[in-house]
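Shown next, in structure tokens, is the structure this report addresses.
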Amino acid sequence: MSTETNQNNNPDEDFLVVENLTTTFNTARGPLPAVGGVSFRLGHNETLGVVGESGSGKTVLSRTIMGLQPRTNVEVGGSVRFDGHEIVGATEAELREIWGTKVAMIFQDPMTSLNPVTKIGKQIGESLHVRLGMSKDEAKARAIELLTLVGIPSPEERYEAYPTQLSGGMRQRVMIAIALACNPSLLLADEPTTGLDVTIQAQILNLLDELQMKLQMSVILVTHDLGVVATRTDRIIVMYAGRVVEMGRTKDVFKDHRMPYTRALLESTPRVSNPSHTRLKTIPGRPPNLLKLAEGCAFAPRCSRATEKCSQERPNLEPTGTDGHYFACWNPLDNQSAPVSSSTGSTKEFGEDNVRS
Amino acid sequence: MTNTETPMIPNEIVVEHPEKREPIGLFTWICVGWLAINLGVALLTPFLPIANPKEMISMPSMGMSLDHLMGTDSLGRDLFARVAWGSRISLGVGLGAMAIGFGIGGPLGMLAAFRRGKLDVALSSVMFTLLAFPSIIAIISILSMWWPRSLAKIILVVGISSVPLVYRVIRAATLSAGSKEYITAARVLGAKDRRIVFRELLPNVAPTGLSFLLFGVATVIALEGVLAFLGLSIDPNTAPSWGNLINDARQSLNDTPQNWPLIIFPSAILCLFILALNFVGDRLRSYFDVTEVKL
């Protein structure tokens, strides 16, 4: 699959509509806007990458889209419409209707996201039995099918295994099988490969990719690793301090990024094509304290292009002219005047062996 | 993507993680055997060929013999029979009190940890206030005022006094299990609260609860010994507990110091029983401890 064909196949972008979504935690030291007004649309069978540093609000964003907030001390505003359901403000009983069967989630840490005292086969079969009303035998057969689907060898034997008996990669495969058990049409993967070896990471991501194609799902892939989203997403959202600072088709964001923060993220990703002992660029400073957000652009204190205006007025998302490509910056990078260094602009630089055709 | 139909062949090397739990070990099995013998004797005493513990069947203060395995006490009663019957009282107090403690403290602890919020604050403040009060003093004062004493009253008082302790342990275990990602994972698969509590939380809290139960039984049996020693347990003339026997022996040891089995046997059996409970409880805890360190 190439990004273009997928985009063309799915003109409808109203499968998931997120509008001005805010998640504010009421902490003892004041309100903390973890997500500060995020809007985007996601179509059928589309893969969206959400990229940002630690603390940029990407995990809170994905959990808010699921309707998974702590029960107290949090305020959610805006709207998340998913396939005709409004998530914001829905009761847990209403959410339970769509959880699992329509929208599912894969968690960051496969070590803690499986129940250690239950056999993995039973963990997969449980939702089939409870949600879809399958008999125990049917659920078992389907669970073994799912284990095969996610590439677990000798699934009949693994059905009886406990999570501790599996490696991290295997567990994440089981996690995926559990998430996919009831055929959800939207899958949220929150840093699904963070705890895994690099080689296993690629396998899990390729598996997600194949399954997305096979099962016709929309996927939201949350990650801090640009290499992960480069070849596996149709569109990207770059988040900083709880806000979207740039969004667009993956190709456009990589080749024609306007926001200095996106450039900084790209430059701080190690690349195979660099000569050895190349010093990796880092972003100076730290992510801002969300409790004390300044008036202007949140990235301004760390930005080399910052001007007076940046610290006084917050830039809004502006279109670049390319379809669906937006950025929020007063002093955007211009492709003509500031040519992208040879190693920055191509998605192929990120794991060339993983590029699909 | 053209090769959607080709089956996926995992090219990752499959690492088998064999069962890494250490075997239970001979020592623990010996402890379990000792507990089983005691429990068996306690349950089956009326059906076993054991002498009447209240009948003066022989000469007083006789040494150990085949007829009287542990000798006789200062009134000529068979000590073995008295220890065997005593195990019914001691184990009954231990298990009965813990049944009350876990029956009330367990569900409350899980409820507080699962619901959190105001309910947790309310329950925990009551429980932790009770916990701050020295329970042994409360038990002694209540029992010394509440006549006539009976087995049921002792079980009730000791059991209720253990509720805050059980509550604290179960609440902590539930909190720690509940903060794990698999609980959230179950929720977003659409599991209802009841299912999460019974299928996800309970199996993860149970090992902690079980080992604490064994420690609890051991503590209560020792506590009953203390109460008996203070003369606050049940009337030794109706049914002696292990603690009663030790207290009796202490009094008669002045007159007949040669009759040392009288104090040695009940004390040794009480000690070994409590030790075995603690060892088994500790081993169970480490056996069920599925920490990620082992991976």
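If you're wondering about the labels, chains in the structure tokens are A, B, ... by order shown, residues count from 1 in each chain, ligands from 1 in order shown.
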
Could the residues of chain A that have an atom at most 6 Å from chain B be listed as JSON lines, each with its closest atom pair and the distance in Å to one decimal, counting only C-alpha atoms and ordered by chain and ascending residue number?
{"residue": "A:Met1", "atom": "CA", "partner": "B:Met1", "partner_atom": "CA", "distance": 4.2}
{"residue": "A:Arg96", "atom": "CA", "partner": "B:Gly190", "partner_atom": "CA", "distance": 4.5}
{"residue": "A:Trp99", "atom": "CA", "partner": "B:Val188", "partner_atom": "CA", "distance": 5.1}
{"residue": "A:Gly100", "atom": "CA", "partner": "B:Leu189", "partner_atom": "CA", "distance": 4.0}
{"residue": "A:Thr112", "atom": "CA", "partner": "B:Glu181", "partner_atom": "CA", "distance": 5.5}
{"residue": "A:Ser113", "atom": "CA", "partner": "B:Tyr182", "partner_atom": "CA", "distance": 4.0}
{"residue": "A:Leu114", "atom": "CA", "partner": "B:Tyr182", "partner_atom": "CA", "distance": 5.0}
{"residue": "A:Asn115", "atom": "CA", "partner": "B:Tyr182", "partner_atom": "CA", "distance": 5.6}
{"residue": "A:Gly151", "atom": "CA", "partner": "B:Pro10", "partner_atom": "CA", "distance": 5.6}
{"residue": "A:Gln165", "atom": "CA", "partner": "B:His17", "partner_atom": "CA", "distance": 4.5}
{"residue": "A:Leu166", "atom": "CA", "partner": "B:His17", "partner_atom": "CA", "distance": 5.7}

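With only C-alpha atoms taken into account, the protein and nucleic acid residues at most 12 Å from Glu313 (chain A) (excluding it and anything under 2 positions from it in its own chain) are Ala294, Glu295, Gly296, Cys297, Ala298, Phe299, Ala300, Ala306, Thr307, Glu308, Lys309, Cys310, Ser311, Pro315, Asn316, Ala328, Cys329 and Trp330 of chain A.
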
Write the residues of the preceding selection, restricted to N, CA and C atoms, as a JSON list (two decimals), in the first residue's frame.
[["chain", "number", "residue", "atom", "x", "y", "z"],
["A", 294, "ALA", "N", 2.90, 29.95, 28.88],
["A", 294, "ALA", "CA", 2.95, 31.38, 28.57],
["A", 294, "ALA", "C", 1.89, 31.72, 27.52],
["A", 295, "GLU", "N", 1.77, 33.01, 27.26],
["A", 295, "GLU", "CA", 0.78, 33.50, 26.30],
["A", 295, "GLU", "C", 1.04, 32.97, 24.89],
["A", 296, "GLY", "N", 2.30, 33.02, 24.50],
["A", 296, "GLY", "CA", 2.62, 32.79, 23.10],
["A", 296, "GLY", "C", 2.76, 31.33, 22.73],
["A", 297, "CYS", "N", 3.59, 31.10, 21.73],
["A", 297, "CYS", "CA", 3.85, 29.74, 21.25],
["A", 297, "CYS", "C", 4.63, 28.98, 22.32],
["A", 298, "ALA", "N", 4.16, 27.77, 22.66],
["A", 298, "ALA", "CA", 4.77, 27.02, 23.74],
["A", 298, "ALA", "C", 6.20, 26.59, 23.41],
["A", 299, "PHE", "N", 6.51, 26.52, 22.12],
["A", 299, "PHE", "CA", 7.83, 26.06, 21.72],
["A", 299, "PHE", "C", 8.84, 27.22, 21.66],
["A", 300, "ALA", "N", 8.34, 28.45, 21.74],
["A", 300, "ALA", "CA", 9.20, 29.62, 21.54],
["A", 300, "ALA", "C", 10.48, 29.61, 22.37],
["A", 306, "ALA", "N", 12.61, 31.87, 16.99],
["A", 306, "ALA", "CA", 11.61, 32.63, 17.75],
["A", 306, "ALA", "C", 11.86, 34.13, 17.67],
["A", 307, "THR", "N", 10.78, 34.87, 17.54],
["A", 307, "THR", "CA", 10.87, 36.33, 17.57],
["A", 307, "THR", "C", 10.01, 36.83, 18.72],
["A", 308, "GLU", "N", 9.93, 38.14, 18.85],
["A", 308, "GLU", "CA", 9.14, 38.73, 19.91],
["A", 308, "GLU", "C", 7.69, 38.27, 19.86],
["A", 309, "LYS", "N", 7.18, 38.21, 18.64],
["A", 309, "LYS", "CA", 5.77, 37.88, 18.44],
["A", 309, "LYS", "C", 5.46, 36.49, 19.00],
["A", 310, "CYS", "N", 6.44, 35.59, 18.85],
["A", 310, "CYS", "CA", 6.22, 34.20, 19.26],
["A", 310, "CYS", "C", 5.89, 34.10, 20.74],
["A", 311, "SER", "N", 6.52, 34.96, 21.57],
["A", 311, "SER", "CA", 6.28, 34.82, 23.00],
["A", 311, "SER", "C", 5.08, 35.65, 23.45],
["A", 315, "PRO", "N", 0.28, 31.20, 17.77],
["A", 315, "PRO", "CA", -0.08, 31.01, 16.37],
["A", 315, "PRO", "C", -1.18, 29.95, 16.25],
["A", 316, "ASN", "N", -2.09, 30.17, 15.30],
["A", 316, "ASN", "CA", -3.12, 29.16, 15.04],
["A", 316, "ASN", "C", -2.70, 28.30, 13.86],
["A", 328, "ALA", "N", 1.28, 25.50, 12.82],
["A", 328, "ALA", "CA", 1.05, 26.64, 13.71],
["A", 328, "ALA", "C", 2.39, 27.27, 14.02],
["A", 329, "CYS", "N", 2.74, 28.31, 13.27],
["A", 329, "CYS", "CA", 4.03, 28.97, 13.49],
["A", 329, "CYS", "C", 4.00, 30.36, 12.89],
["A", 330, "TRP", "N", 4.63, 31.32, 13.60],
["A", 330, "TRP", "CA", 4.73, 32.67, 13.04],
["A", 330, "TRP", "C", 5.88, 32.78, 12.06]]

Close residues, Leu232 (chain B) itself excluded, 10 Å, only C-alpha atoms, min 6 positions apart in chain, as a PyMOL selection string: chain B and resi 139-145+149+154+224-226+244

Distance query Pro319 (chain A) at most 10 Å, only C-alpha atoms, self and fewer than 4 positions along chain excluded, as a list in words: Glu246, Met247, Gly248, Asp323, Gly324, His325, Tyr326, Phe327 and Ala328 of chain A

Please dump the current selection as an mmCIF file, in the first residue's frame; keep all heavy atoms.
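Final file, out-v1.cif:
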data_model
loop_
_atom_site.group_PDB
_atom_site.id
_atom_site.type_symbol
_atom_site.label_atom_id
_atom_site.label_comp_id
_atom_site.auth_asym_id
_atom_site.auth_seq_id
_atom_site.Cartn_x
_atom_site.Cartn_y
_atom_site.Cartn_z
ATOM 1 N N GLU A 246 1.599 20.792 13.928
ATOM 2 C CA GLU A 246 1.649 20.573 12.488
ATOM 3 C C GLU A 246 0.898 19.285 12.192
ATOM 4 O O GLU A 246 0.982 18.315 12.934
ATOM 5 C CB GLU A 246 3.101 20.462 11.995
ATOM 6 C CG GLU A 246 3.205 20.326 10.481
ATOM 7 C CD GLU A 246 4.547 20.843 9.934
ATOM 8 O OE1 GLU A 246 5.442 21.132 10.740
ATOM 9 O OE2 GLU A 246 4.656 20.946 8.710
ATOM 10 N N MET A 247 0.123 19.297 11.108
ATOM 11 C CA MET A 247 -0.521 18.055 10.708
ATOM 12 C C MET A 247 -0.642 18.015 9.192
ATOM 13 O O MET A 247 -0.679 19.049 8.520
ATOM 14 C CB MET A 247 -1.893 17.913 11.355
ATOM 15 C CG MET A 247 -2.914 18.975 10.989
ATOM 16 S SD MET A 247 -4.311 18.941 12.120
ATOM 17 C CE MET A 247 -5.394 17.841 11.269
ATOM 18 N N GLY A 248 -0.672 16.827 8.665
ATOM 19 C CA GLY A 248 -0.778 16.711 7.225
ATOM 20 C C GLY A 248 -0.481 15.301 6.793
ATOM 21 O O GLY A 248 -0.253 14.420 7.636
ATOM 22 N N ASP A 323 -3.055 20.081 0.312
ATOM 23 C CA ASP A 323 -4.304 19.580 0.878
ATOM 24 C C ASP A 323 -4.097 18.966 2.264
ATOM 25 O O ASP A 323 -3.317 18.041 2.428
ATOM 26 C CB ASP A 323 -4.896 18.534 -0.088
ATOM 27 C CG ASP A 323 -6.180 17.969 0.466
ATOM 28 O OD1 ASP A 323 -6.930 18.736 1.083
ATOM 29 O OD2 ASP A 323 -6.412 16.763 0.277
ATOM 30 N N GLY A 324 -4.784 19.501 3.223
ATOM 31 C CA GLY A 324 -4.789 18.903 4.551
ATOM 32 C C GLY A 324 -3.520 19.129 5.355
ATOM 33 O O GLY A 324 -3.346 18.537 6.394
ATOM 34 N N HIS A 325 -2.637 19.977 4.863
ATOM 35 C CA HIS A 325 -1.393 20.215 5.583
ATOM 36 C C HIS A 325 -1.492 21.552 6.332
ATOM 37 O O HIS A 325 -1.677 22.595 5.725
ATOM 38 C CB HIS A 325 -0.224 20.229 4.587
ATOM 39 C CG HIS A 325 1.116 20.289 5.265
ATOM 40 N ND1 HIS A 325 2.285 20.336 4.569
ATOM 41 C CD2 HIS A 325 1.466 20.293 6.570
ATOM 42 C CE1 HIS A 325 3.301 20.379 5.421
ATOM 43 N NE2 HIS A 325 2.817 20.350 6.638
ATOM 44 N N TYR A 326 -1.414 21.481 7.647
ATOM 45 C CA TYR A 326 -1.541 22.681 8.475
ATOM 46 C C TYR A 326 -0.339 22.814 9.381
ATOM 47 O O TYR A 326 0.302 21.827 9.731
ATOM 48 C CB TYR A 326 -2.808 22.609 9.346
ATOM 49 C CG TYR A 326 -4.087 22.621 8.581
ATOM 50 C CD1 TYR A 326 -4.612 21.427 8.096
ATOM 51 C CD2 TYR A 326 -4.784 23.792 8.351
ATOM 52 C CE1 TYR A 326 -5.805 21.413 7.386
ATOM 53 C CE2 TYR A 326 -5.966 23.792 7.647
ATOM 54 C CZ TYR A 326 -6.473 22.603 7.167
ATOM 55 O OH TYR A 326 -7.650 22.603 6.475
ATOM 56 N N PHE A 327 -0.049 24.039 9.794
ATOM 57 C CA PHE A 327 1.023 24.239 10.766
ATOM 58 C C PHE A 327 0.667 25.438 11.630
ATOM 59 O O PHE A 327 -0.140 26.290 11.237
ATOM 60 C CB PHE A 327 2.372 24.469 10.071
ATOM 61 C CG PHE A 327 2.420 25.746 9.280
ATOM 62 C CD1 PHE A 327 2.922 26.916 9.828
ATOM 63 C CD2 PHE A 327 1.937 25.760 7.982
ATOM 64 C CE1 PHE A 327 2.939 28.093 9.094
ATOM 65 C CE2 PHE A 327 1.954 26.939 7.251
ATOM 66 C CZ PHE A 327 2.460 28.105 7.802
ATOM 67 N N ALA A 328 1.283 25.502 12.818
ATOM 68 C CA ALA A 328 1.052 26.637 13.714
ATOM 69 C C ALA A 328 2.387 27.274 14.025
ATOM 70 O O ALA A 328 3.121 26.806 14.888
ATOM 71 C CB ALA A 328 0.360 26.164 14.998
#

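The gap separating CA of Leu165 (chain B) from CA of Phe102 (chain B) is 9.5 Å, in Å to one decimal.
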
Atomic separation - CA of Met213 (chain A) relative to CA of Glu19 (chain A), Å: 26.9 Å

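When the distance limit is 10 Å and only C-alpha atoms are what count, the residues near Asp235 (chain B), minus those fewer than 2 positions from it on the same chain, are Pro148, Arg149, Ser150, Leu151, Ala228, Gly231, Leu232, Ser233, Asn237, Thr238, Ala239, Pro240, Ser241 and Asn244 of chain B.
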
Selection file, N, CA and C atoms, as a PDB file, in the first residue's frame:
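Output (result_25.pdb):
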ATOM      1  N   PRO B 148     -20.923 -14.787  80.678  1.00  0.00           N
ATOM      2  CA  PRO B 148     -19.871 -15.797  80.799  1.00  0.00           C
ATOM      3  C   PRO B 148     -19.168 -15.965  79.466  1.00  0.00           C
ATOM      4  N   ARG B 149     -17.937 -16.416  79.556  1.00  0.00           N
ATOM      5  CA  ARG B 149     -17.177 -16.522  78.312  1.00  0.00           C
ATOM      6  C   ARG B 149     -17.579 -17.768  77.537  1.00  0.00           C
ATOM      7  N   SER B 150     -17.523 -17.618  76.222  1.00  0.00           N
ATOM      8  CA  SER B 150     -17.787 -18.784  75.386  1.00  0.00           C
ATOM      9  C   SER B 150     -16.891 -18.690  74.151  1.00  0.00           C
ATOM     10  N   LEU B 151     -16.772 -19.785  73.469  1.00  0.00           N
ATOM     11  CA  LEU B 151     -15.950 -19.840  72.263  1.00  0.00           C
ATOM     12  C   LEU B 151     -16.425 -18.796  71.247  1.00  0.00           C
ATOM     13  N   ALA B 228      -5.626 -17.132  77.204  1.00  0.00           N
ATOM     14  CA  ALA B 228      -5.782 -18.250  78.125  1.00  0.00           C
ATOM     15  C   ALA B 228      -4.827 -18.100  79.296  1.00  0.00           C
ATOM     16  N   GLY B 231      -6.118 -16.034  81.692  1.00  0.00           N
ATOM     17  CA  GLY B 231      -7.382 -16.512  82.222  1.00  0.00           C
ATOM     18  C   GLY B 231      -8.584 -15.893  81.554  1.00  0.00           C
ATOM     19  N   LEU B 232      -8.422 -15.363  80.372  1.00  0.00           N
ATOM     20  CA  LEU B 232      -9.529 -14.698  79.691  1.00  0.00           C
ATOM     21  C   LEU B 232     -10.117 -15.552  78.567  1.00  0.00           C
ATOM     22  N   SER B 233      -9.533 -16.710  78.337  1.00  0.00           N
ATOM     23  CA  SER B 233     -10.096 -17.555  77.294  1.00  0.00           C
ATOM     24  C   SER B 233     -11.203 -18.413  77.909  1.00  0.00           C
ATOM     25  N   ASN B 237     -12.127 -25.959  82.247  1.00  0.00           N
ATOM     26  CA  ASN B 237     -12.791 -27.176  82.711  1.00  0.00           C
ATOM     27  C   ASN B 237     -13.797 -27.698  81.703  1.00  0.00           C
ATOM     28  N   THR B 238     -14.335 -26.806  80.848  1.00  0.00           N
ATOM     29  CA  THR B 238     -15.258 -27.303  79.831  1.00  0.00           C
ATOM     30  C   THR B 238     -14.482 -27.853  78.651  1.00  0.00           C
ATOM     31  N   ALA B 239     -13.567 -27.068  78.123  1.00  0.00           N
ATOM     32  CA  ALA B 239     -12.769 -27.548  77.003  1.00  0.00           C
ATOM     33  C   ALA B 239     -11.462 -26.807  77.015  1.00  0.00           C
ATOM     34  N   PRO B 240     -10.347 -27.487  77.126  1.00  0.00           N
ATOM     35  CA  PRO B 240      -9.066 -26.798  77.200  1.00  0.00           C
ATOM     36  C   PRO B 240      -8.558 -26.411  75.814  1.00  0.00           C
ATOM     37  N   SER B 241      -8.043 -25.210  75.689  1.00  0.00           N
ATOM     38  CA  SER B 241      -7.320 -24.862  74.471  1.00  0.00           C
ATOM     39  C   SER B 241      -5.835 -25.075  74.750  1.00  0.00           C
ATOM     40  N   ASN B 244      -4.807 -22.833  77.414  1.00  0.00           N
ATOM     41  CA  ASN B 244      -5.241 -23.295  78.732  1.00  0.00           C
ATOM     42  C   ASN B 244      -4.285 -24.338  79.286  1.00  0.00           C
TER      43      ASN B 244
END

Members of region 166-204 of chain A assigned strand (DSSP E or B) by DSSP, as number ranges by chain: A: 186-190

Distance of CA of Leu221 (chain A) from CA of Leu205 (chain A), expressed in Å to one decimal place: 9.6 Å

Contacts of region 31-37 of chain B within 7 Å, only C-alpha atoms, excl. fewer than 6 positions in-chain, as JSON, numbers by chain: {"B": [273, 276, 280]}

For those residues, write N, CA, C and O atoms to a file as an mmCIF file, in the first residue's frame.
data_model
loop_
_atom_site.group_PDB
_atom_site.id
_atom_site.type_symbol
_atom_site.label_atom_id
_atom_site.label_comp_id
_atom_site.auth_asym_id
_atom_site.auth_seq_id
_atom_site.Cartn_x
_atom_site.Cartn_y
_atom_site.Cartn_z
ATOM 1 N N PHE B 273 3.172 -25.351 65.272
ATOM 2 C CA PHE B 273 2.024 -25.084 64.408
ATOM 3 C C PHE B 273 2.089 -23.656 63.864
ATOM 4 O O PHE B 273 1.915 -23.416 62.667
ATOM 5 N N ALA B 276 4.960 -23.364 61.378
ATOM 6 C CA ALA B 276 4.632 -23.973 60.088
ATOM 7 C C ALA B 276 3.697 -23.076 59.294
ATOM 8 O O ALA B 276 3.880 -22.877 58.090
ATOM 9 N N VAL B 280 4.703 -21.620 55.647
ATOM 10 C CA VAL B 280 3.884 -21.907 54.464
ATOM 11 C C VAL B 280 3.340 -20.606 53.879
ATOM 12 O O VAL B 280 3.365 -20.396 52.660
#

Residue set, region 203-310 of chain A restricted to alpha helix (DSSP H), as a ChimeraX atom specification: /A:203-215,226-230,250-255,260-267

Within 7 Å of Asp282 (chain B) using only C-alpha atoms, minus same-chain residues under 4 positions, as an NGL selection string: :B and (211 or 278 or 286)

Since we have the selection now, will you write its residues out, keeping all heavy atoms, as a PDB file, in the first residue's frame?
ATOM      1  N   SER B 211      -1.863 -15.733  51.909  1.00  0.00           N
ATOM      2  CA  SER B 211      -0.717 -15.802  52.811  1.00  0.00           C
ATOM      3  C   SER B 211      -0.981 -14.973  54.063  1.00  0.00           C
ATOM      4  O   SER B 211      -0.584 -15.366  55.158  1.00  0.00           O
ATOM      5  CB  SER B 211       0.568 -15.371  52.111  1.00  0.00           C
ATOM      6  OG  SER B 211       0.430 -14.085  51.595  1.00  0.00           O
ATOM      7  N   ASN B 278       3.503 -19.865  59.448  1.00  0.00           N
ATOM      8  CA  ASN B 278       4.259 -18.726  58.935  1.00  0.00           C
ATOM      9  C   ASN B 278       5.130 -19.110  57.752  1.00  0.00           C
ATOM     10  O   ASN B 278       5.217 -18.392  56.769  1.00  0.00           O
ATOM     11  CB  ASN B 278       5.106 -18.115  60.049  1.00  0.00           C
ATOM     12  CG  ASN B 278       4.300 -17.160  60.904  1.00  0.00           C
ATOM     13  OD1 ASN B 278       3.835 -16.143  60.430  1.00  0.00           O
ATOM     14  ND2 ASN B 278       4.103 -17.522  62.159  1.00  0.00           N
ATOM     15  N   SER B 286       5.778 -15.904  48.143  1.00  0.00           N
ATOM     16  CA  SER B 286       6.833 -15.807  47.133  1.00  0.00           C
ATOM     17  C   SER B 286       6.503 -16.671  45.914  1.00  0.00           C
ATOM     18  O   SER B 286       6.897 -16.363  44.802  1.00  0.00           O
ATOM     19  CB  SER B 286       8.181 -16.213  47.727  1.00  0.00           C
ATOM     20  OG  SER B 286       8.162 -17.557  48.128  1.00  0.00           O
TER      21      SER B 286
END

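Closest to Ala97 (chain B) among B:Ile234, B:Leu253, B:Met56, B:Val158 is B:Val158, based on only C-alpha atoms.
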